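Note sheet for the following structure.
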Amino acid sequence: FVDPCLQVPTLSLTCDVADPVTGEPYSRDPRHVARKAEAYLKKSGVATTAYYGPEAEFYIFNSARFDQNAHEGYYHIDSEEGIWNSGSNGTPNQGHRPRHKEGYFPVPPVDRLQDLRSKIMLAMQASGIDVEVHHHEVGTAGQTEIDMRFDTLTRMGDQVMMYKYIVKNVCHQHGYTATFMPKPLFGDNGSGMHVHMSLWKDDTNLFFDPKGYGLISDLARWYIGGLIKHAPAVLAFAAPT
């Protein structure tokens, strides 16, 4: 795709990793692993397609300073939207800031990032990503969420990498800094990425049963049980720290 963040037209490529001698796929290439998983699903006969819809949250700050040296260690983050700036002086203070845990989701001017999120969304769409919605999240100081429409595993993996790249670069262009850190603020909401999942056989949603418990099928309940069973292994990748 054409990189939406650069002034000079530049082509951005998402590639597979292969052994340069044999031409075989590299076994540790995440895209190769994802494709093997998709092929295994079809071979199993359980479903033909698995869809994933991640909701990645992040903070948009005006400043992020940190250092660790011989005589000090610190971090200091700031946002013009942060409630702690309600009493700041030096420039005219216009107020309108979401308090801690009250950022879901006000309209402007309390939400100061509506236009910036729209610019990020337009850049994502220009890159071929189907975006459904964007909004302010619960935290003060610019917590945000932009949601992509669900897609298959390999494609969505590519899009999550594109998503983070585009978010950080569009923010940088406009004088902001974005972080996907799980917990950048003490005493306010952290940022997560819960993921919607579904299994389909052709055009049939295998997780839906109009007569099922809560309208979900037995397969959906077993799927949830499998996630719980394998949670320790999943956490090695989903929450390694």
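Ordered as shown in the structure tokens, chains take letters A, B, and onward, while each chain numbers its residues from 1 and ligands are numbered from 1 in the order shown.
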
Alpha helix (DSSP H) per DSSP on the backbone: members of segment 2-238 of chain A, as number ranges by chain: A: 30-44, 114-126, 153-173, 218-229, 231-238

Using DSSP secondary structure from the backbone, list all strand (DSSP E or B) positions within segment 27-161 of chain A, as a compact mmCIF listing (two decimals) with all heavy atoms, in the first residue's frame.
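Okay, states07.txt is ready:
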# COMPACT_ATOMS: atom_id res chain seq x y z
N THR A 49 -13.68 -20.64 8.20
CA THR A 49 -13.08 -19.33 8.41
C THR A 49 -13.19 -18.92 9.86
O THR A 49 -14.22 -19.17 10.51
CB THR A 49 -13.78 -18.25 7.54
OG1 THR A 49 -13.88 -18.71 6.20
CG2 THR A 49 -12.99 -16.95 7.57
N ALA A 50 -12.14 -18.29 10.38
CA ALA A 50 -12.17 -17.66 11.70
C ALA A 50 -11.97 -16.16 11.50
O ALA A 50 -11.05 -15.74 10.79
CB ALA A 50 -11.08 -18.22 12.60
N TYR A 51 -12.83 -15.39 12.12
CA TYR A 51 -12.74 -13.93 12.02
C TYR A 51 -12.30 -13.34 13.36
O TYR A 51 -12.68 -13.83 14.43
CB TYR A 51 -14.08 -13.32 11.63
CG TYR A 51 -14.45 -13.53 10.18
CD1 TYR A 51 -15.57 -14.29 9.84
CD2 TYR A 51 -13.69 -12.96 9.16
CE1 TYR A 51 -15.92 -14.49 8.51
CE2 TYR A 51 -14.03 -13.16 7.83
CZ TYR A 51 -15.14 -13.92 7.51
OH TYR A 51 -15.49 -14.12 6.20
N TYR A 52 -11.52 -12.26 13.27
CA TYR A 52 -11.00 -11.59 14.46
C TYR A 52 -11.21 -10.09 14.34
O TYR A 52 -10.96 -9.51 13.28
CB TYR A 52 -9.50 -11.90 14.65
CG TYR A 52 -9.23 -13.37 14.82
CD1 TYR A 52 -9.05 -14.20 13.71
CD2 TYR A 52 -9.20 -13.95 16.08
CE1 TYR A 52 -8.84 -15.56 13.86
CE2 TYR A 52 -8.99 -15.31 16.24
CZ TYR A 52 -8.81 -16.11 15.13
OH TYR A 52 -8.61 -17.45 15.28
N GLY A 53 -11.67 -9.48 15.43
CA GLY A 53 -11.88 -8.04 15.45
C GLY A 53 -11.29 -7.42 16.69
O GLY A 53 -11.98 -7.29 17.71
N PRO A 54 -10.01 -7.05 16.67
CA PRO A 54 -9.38 -6.45 17.85
C PRO A 54 -9.80 -5.00 18.05
O PRO A 54 -10.06 -4.29 17.09
CB PRO A 54 -7.88 -6.56 17.53
CG PRO A 54 -7.82 -6.51 16.04
CD PRO A 54 -9.06 -7.21 15.55
N GLU A 55 -9.88 -4.60 19.30
CA GLU A 55 -10.15 -3.21 19.65
C GLU A 55 -8.96 -2.69 20.45
O GLU A 55 -8.89 -2.83 21.67
CB GLU A 55 -11.44 -3.10 20.46
CG GLU A 55 -12.68 -3.53 19.68
CD GLU A 55 -13.98 -3.23 20.42
OE1 GLU A 55 -13.93 -2.55 21.46
OE2 GLU A 55 -15.04 -3.68 19.95
N ALA A 56 -8.01 -2.11 19.74
CA ALA A 56 -6.77 -1.65 20.37
C ALA A 56 -6.94 -0.25 20.94
O ALA A 56 -7.29 0.69 20.22
CB ALA A 56 -5.63 -1.67 19.34
N GLU A 57 -6.68 -0.11 22.22
CA GLU A 57 -6.76 1.18 22.90
C GLU A 57 -5.37 1.78 23.05
O GLU A 57 -4.37 1.05 23.13
CB GLU A 57 -7.42 1.02 24.28
CG GLU A 57 -8.83 0.46 24.21
CD GLU A 57 -9.36 0.01 25.56
OE1 GLU A 57 -8.57 -0.09 26.51
OE2 GLU A 57 -10.57 -0.24 25.65
N PHE A 58 -5.31 3.10 23.13
CA PHE A 58 -4.01 3.77 23.28
C PHE A 58 -4.24 5.17 23.85
O PHE A 58 -5.36 5.69 23.86
CB PHE A 58 -3.27 3.83 21.95
CG PHE A 58 -4.02 4.48 20.82
CD1 PHE A 58 -3.83 5.82 20.50
CD2 PHE A 58 -4.92 3.74 20.06
CE1 PHE A 58 -4.53 6.42 19.45
CE2 PHE A 58 -5.62 4.33 19.00
CZ PHE A 58 -5.42 5.67 18.70
N TYR A 59 -3.15 5.76 24.34
CA TYR A 59 -3.18 7.13 24.84
C TYR A 59 -2.45 8.05 23.86
O TYR A 59 -1.45 7.66 23.24
CB TYR A 59 -2.50 7.24 26.20
CG TYR A 59 -3.40 6.94 27.38
CD1 TYR A 59 -3.52 5.65 27.88
CD2 TYR A 59 -4.13 7.96 28.00
CE1 TYR A 59 -4.34 5.37 28.96
CE2 TYR A 59 -4.95 7.69 29.08
CZ TYR A 59 -5.05 6.40 29.56
OH TYR A 59 -5.86 6.14 30.64
N ILE A 60 -2.96 9.27 23.74
CA ILE A 60 -2.31 10.30 22.93
C ILE A 60 -1.88 11.41 23.88
O ILE A 60 -2.72 12.10 24.48
CB ILE A 60 -3.27 10.85 21.86
CG1 ILE A 60 -3.69 9.73 20.91
CG2 ILE A 60 -2.60 11.98 21.09
CD1 ILE A 60 -4.74 10.16 19.89
N PHE A 61 -0.58 11.58 24.05
CA PHE A 61 -0.02 12.58 24.95
C PHE A 61 0.62 13.72 24.16
O PHE A 61 0.94 13.58 22.98
CB PHE A 61 1.04 11.96 25.86
CG PHE A 61 0.52 10.88 26.79
CD1 PHE A 61 1.18 9.67 26.91
CD2 PHE A 61 -0.62 11.09 27.54
CE1 PHE A 61 0.72 8.68 27.76
CE2 PHE A 61 -1.11 10.10 28.39
CZ PHE A 61 -0.43 8.89 28.50
N SER A 63 3.39 15.12 25.61
CA SER A 63 4.80 15.02 25.99
C SER A 63 5.02 13.73 26.77
O SER A 63 4.15 13.31 27.54
CB SER A 63 5.21 16.22 26.86
OG SER A 63 6.52 16.08 27.37
N ALA A 64 6.16 13.10 26.54
CA ALA A 64 6.55 11.89 27.29
C ALA A 64 8.05 11.95 27.54
O ALA A 64 8.84 11.64 26.65
CB ALA A 64 6.17 10.64 26.53
N ARG A 65 8.44 12.36 28.74
CA ARG A 65 9.85 12.48 29.09
C ARG A 65 10.22 11.37 30.06
O ARG A 65 9.45 11.02 30.96
CB ARG A 65 10.15 13.84 29.75
CG ARG A 65 9.91 15.02 28.83
CD ARG A 65 10.38 16.34 29.46
NE ARG A 65 9.56 16.72 30.61
CZ ARG A 65 9.99 16.76 31.86
NH1 ARG A 65 11.24 16.40 32.16
NH2 ARG A 65 9.18 17.14 32.83
N PHE A 66 11.42 10.80 29.89
CA PHE A 66 11.88 9.77 30.82
C PHE A 66 13.41 9.71 30.76
O PHE A 66 14.02 10.02 29.74
CB PHE A 66 11.28 8.40 30.48
CG PHE A 66 11.55 7.94 29.07
CD1 PHE A 66 12.66 7.15 28.77
CD2 PHE A 66 10.72 8.32 28.03
CE1 PHE A 66 12.91 6.73 27.47
CE2 PHE A 66 10.96 7.91 26.73
CZ PHE A 66 12.06 7.12 26.45
N ASP A 67 14.01 9.31 31.87
CA ASP A 67 15.46 9.19 31.90
C ASP A 67 15.86 8.30 33.07
O ASP A 67 15.13 8.17 34.07
CB ASP A 67 16.13 10.56 32.03
CG ASP A 67 17.55 10.57 31.49
OD1 ASP A 67 18.05 9.48 31.10
OD2 ASP A 67 18.17 11.64 31.46
N GLN A 68 17.02 7.72 32.95
CA GLN A 68 17.60 6.90 34.01
C GLN A 68 19.11 7.06 33.88
O GLN A 68 19.70 6.63 32.89
CB GLN A 68 17.21 5.43 33.84
CG GLN A 68 17.72 4.51 34.94
CD GLN A 68 16.93 4.67 36.22
OE1 GLN A 68 15.72 4.73 36.20
NE2 GLN A 68 17.61 4.71 37.35
N GLY A 73 16.24 9.06 38.23
CA GLY A 73 15.44 8.19 37.39
C GLY A 73 14.00 8.66 37.47
O GLY A 73 13.47 8.87 38.55
N TYR A 74 13.37 8.85 36.33
CA TYR A 74 12.02 9.40 36.35
C TYR A 74 11.31 9.18 35.03
O TYR A 74 11.93 8.84 34.01
CB TYR A 74 12.05 10.91 36.64
CG TYR A 74 12.61 11.73 35.50
CD1 TYR A 74 11.77 12.23 34.50
CD2 TYR A 74 13.97 11.98 35.39
CE1 TYR A 74 12.27 12.96 33.45
CE2 TYR A 74 14.48 12.71 34.35
CZ TYR A 74 13.62 13.21 33.38
OH TYR A 74 14.12 13.92 32.33
N TYR A 75 10.00 9.37 35.04
CA TYR A 75 9.23 9.56 33.82
C TYR A 75 8.23 10.67 34.08
O TYR A 75 7.80 10.89 35.22
CB TYR A 75 8.51 8.28 33.39
CG TYR A 75 7.34 7.89 34.26
CD1 TYR A 75 6.04 8.32 33.95
CD2 TYR A 75 7.52 7.10 35.40
CE1 TYR A 75 4.97 7.97 34.75
CE2 TYR A 75 6.45 6.74 36.19
CZ TYR A 75 5.17 7.18 35.86
OH TYR A 75 4.10 6.83 36.66
N HIS A 76 7.89 11.41 33.06
CA HIS A 76 6.93 12.50 33.19
C HIS A 76 6.13 12.59 31.90
O HIS A 76 6.71 12.84 30.84
CB HIS A 76 7.63 13.83 33.48
CG HIS A 76 6.66 14.97 33.70
ND1 HIS A 76 6.09 15.68 32.68
CD2 HIS A 76 6.17 15.50 34.85
CE1 HIS A 76 5.27 16.61 33.17
NE2 HIS A 76 5.30 16.52 34.48
N ILE A 77 4.84 12.31 31.97
CA ILE A 77 3.99 12.43 30.80
C ILE A 77 3.00 13.56 31.01
O ILE A 77 2.62 13.86 32.15
CB ILE A 77 3.25 11.11 30.50
CG1 ILE A 77 2.45 10.65 31.71
CG2 ILE A 77 4.21 10.05 30.06
CD1 ILE A 77 1.70 9.35 31.48
N ASP A 78 2.60 14.19 29.93
CA ASP A 78 1.67 15.31 30.04
C ASP A 78 0.73 15.34 28.84
O ASP A 78 1.07 14.86 27.75
CB ASP A 78 2.42 16.64 30.13
CG ASP A 78 1.58 17.73 30.77
OD1 ASP A 78 0.47 17.42 31.27
OD2 ASP A 78 2.02 18.89 30.79
N VAL A 131 -12.40 0.61 8.55
CA VAL A 131 -12.59 1.12 9.91
C VAL A 131 -14.07 1.32 10.18
O VAL A 131 -14.80 1.87 9.34
CB VAL A 131 -11.83 2.45 10.11
CG1 VAL A 131 -11.99 2.95 11.54
CG2 VAL A 131 -10.34 2.26 9.80
N GLU A 132 -14.52 0.88 11.36
CA GLU A 132 -15.94 0.98 11.69
C GLU A 132 -16.28 2.18 12.56
O GLU A 132 -17.31 2.81 12.38
CB GLU A 132 -16.40 -0.30 12.40
CG GLU A 132 -16.45 -1.52 11.48
CD GLU A 132 -17.18 -2.69 12.11
OE1 GLU A 132 -17.05 -2.86 13.35
OE2 GLU A 132 -17.88 -3.41 11.39
N VAL A 133 -15.42 2.50 13.53
CA VAL A 133 -15.79 3.52 14.50
C VAL A 133 -14.54 4.03 15.22
O VAL A 133 -13.52 3.33 15.29
CB VAL A 133 -16.78 2.94 15.54
CG1 VAL A 133 -16.13 1.86 16.38
CG2 VAL A 133 -17.38 4.01 16.43
N HIS A 134 -14.60 5.25 15.72
CA HIS A 134 -13.57 5.74 16.64
C HIS A 134 -14.23 6.57 17.73
O HIS A 134 -15.29 7.16 17.51
CB HIS A 134 -12.48 6.53 15.90
CG HIS A 134 -12.89 7.92 15.45
ND1 HIS A 134 -13.00 8.98 16.31
CD2 HIS A 134 -13.18 8.41 14.21
CE1 HIS A 134 -13.34 10.07 15.64
NE2 HIS A 134 -13.47 9.74 14.35
N HIS A 135 -13.62 6.59 18.91
CA HIS A 135 -14.19 7.36 20.02
C HIS A 135 -13.16 7.55 21.12
O HIS A 135 -12.14 6.86 21.16
CB HIS A 135 -15.45 6.67 20.57
CG HIS A 135 -15.21 5.27 21.08
ND1 HIS A 135 -14.72 4.99 22.33
CD2 HIS A 135 -15.42 4.06 20.49
CE1 HIS A 135 -14.63 3.69 22.50
NE2 HIS A 135 -15.05 3.09 21.38
N HIS A 136 -13.44 8.48 22.01
CA HIS A 136 -12.62 8.67 23.21
C HIS A 136 -12.88 7.51 24.15
O HIS A 136 -13.98 6.97 24.23
CB HIS A 136 -13.00 9.98 23.90
CG HIS A 136 -11.93 10.55 24.78
ND1 HIS A 136 -11.59 10.00 25.99
CD2 HIS A 136 -11.11 11.62 24.60
CE1 HIS A 136 -10.61 10.72 26.54
NE2 HIS A 136 -10.30 11.70 25.71
N GLN A 143 -7.10 9.11 26.16
CA GLN A 143 -7.24 7.68 25.85
C GLN A 143 -8.25 7.51 24.71
O GLN A 143 -9.31 8.13 24.70
CB GLN A 143 -7.68 6.86 27.05
CG GLN A 143 -7.51 5.36 26.79
CD GLN A 143 -7.95 4.49 27.95
OE1 GLN A 143 -8.88 4.81 28.66
NE2 GLN A 143 -7.27 3.37 28.13
N THR A 144 -7.92 6.63 23.77
CA THR A 144 -8.64 6.57 22.50
C THR A 144 -8.78 5.15 22.01
O THR A 144 -7.99 4.27 22.37
CB THR A 144 -7.85 7.42 21.45
OG1 THR A 144 -8.13 8.80 21.69
CG2 THR A 144 -8.22 7.10 20.04
N GLU A 145 -9.78 4.93 21.17
CA GLU A 145 -9.97 3.64 20.52
C GLU A 145 -10.45 3.85 19.09
O GLU A 145 -11.33 4.68 18.85
CB GLU A 145 -10.98 2.80 21.30
CG GLU A 145 -11.26 1.43 20.69
CD GLU A 145 -12.24 0.63 21.52
OE1 GLU A 145 -11.98 0.42 22.73
OE2 GLU A 145 -13.28 0.23 20.97
N ILE A 146 -9.87 3.12 18.16
CA ILE A 146 -10.31 3.08 16.78
C ILE A 146 -10.52 1.61 16.42
O ILE A 146 -9.62 0.80 16.60
CB ILE A 146 -9.28 3.72 15.83
CG1 ILE A 146 -9.04 5.19 16.21
CG2 ILE A 146 -9.74 3.62 14.37
CD1 ILE A 146 -7.95 5.86 15.41
N ASP A 147 -11.71 1.28 15.93
CA ASP A 147 -12.06 -0.12 15.72
C ASP A 147 -12.10 -0.47 14.24
O ASP A 147 -12.77 0.20 13.45
CB ASP A 147 -13.43 -0.43 16.35
CG ASP A 147 -13.40 -0.28 17.86
OD1 ASP A 147 -12.31 -0.44 18.43
OD2 ASP A 147 -14.45 -0.01 18.45
N MET A 148 -11.38 -1.54 13.89
CA MET A 148 -11.39 -2.07 12.54
C MET A 148 -12.48 -3.13 12.40
O MET A 148 -12.80 -3.82 13.35
CB MET A 148 -10.03 -2.72 12.22
CG MET A 148 -8.86 -1.76 12.30
SD MET A 148 -7.26 -2.58 12.04
CE MET A 148 -7.04 -3.38 13.64
N ASP A 151 -11.76 -9.38 10.36
CA ASP A 151 -11.19 -9.98 9.16
C ASP A 151 -10.51 -11.28 9.55
O ASP A 151 -10.49 -11.66 10.73
CB ASP A 151 -10.20 -9.04 8.49
CG ASP A 151 -10.19 -9.18 6.96
OD1 ASP A 151 -10.32 -10.34 6.48
OD2 ASP A 151 -10.06 -8.16 6.27
N THR A 152 -9.95 -11.97 8.58
CA THR A 152 -9.30 -13.25 8.83
C THR A 152 -7.98 -13.05 9.57
O THR A 152 -7.45 -11.93 9.64
CB THR A 152 -9.04 -13.97 7.50
OG1 THR A 152 -8.33 -13.10 6.62
CG2 THR A 152 -10.35 -14.38 6.86

Option closest in space to Thr10 of chain A, from A:Ser127, A:His96, A:Ser79, A:Gly87 [counting only C-alpha atoms]: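 Residue with the minimum atom-to-atom distance to Thr10 of chain A: A:Ser127.
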
Shortest interatomic distance to Gln7 of chain A - which of A:Glu102, A:Glu80, A:Gly187, A:Gln173, counting only C-alpha atoms: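 Selected residue with least distance to Gln7 of chain A: A:Gln173.
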
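Here atom CA of Arg112 of chain A stands at a distance of 16.9 Å from atom CA of Thr91 of chain A.
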
Computed interatomic separation between atom CA of Leu113 of chain A and atom CA of Gly142 of chain A (Å):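 Straight-line distance from atom CA of Leu113 of chain A to atom CA of Gly142 of chain A works out to 7.1 Å.
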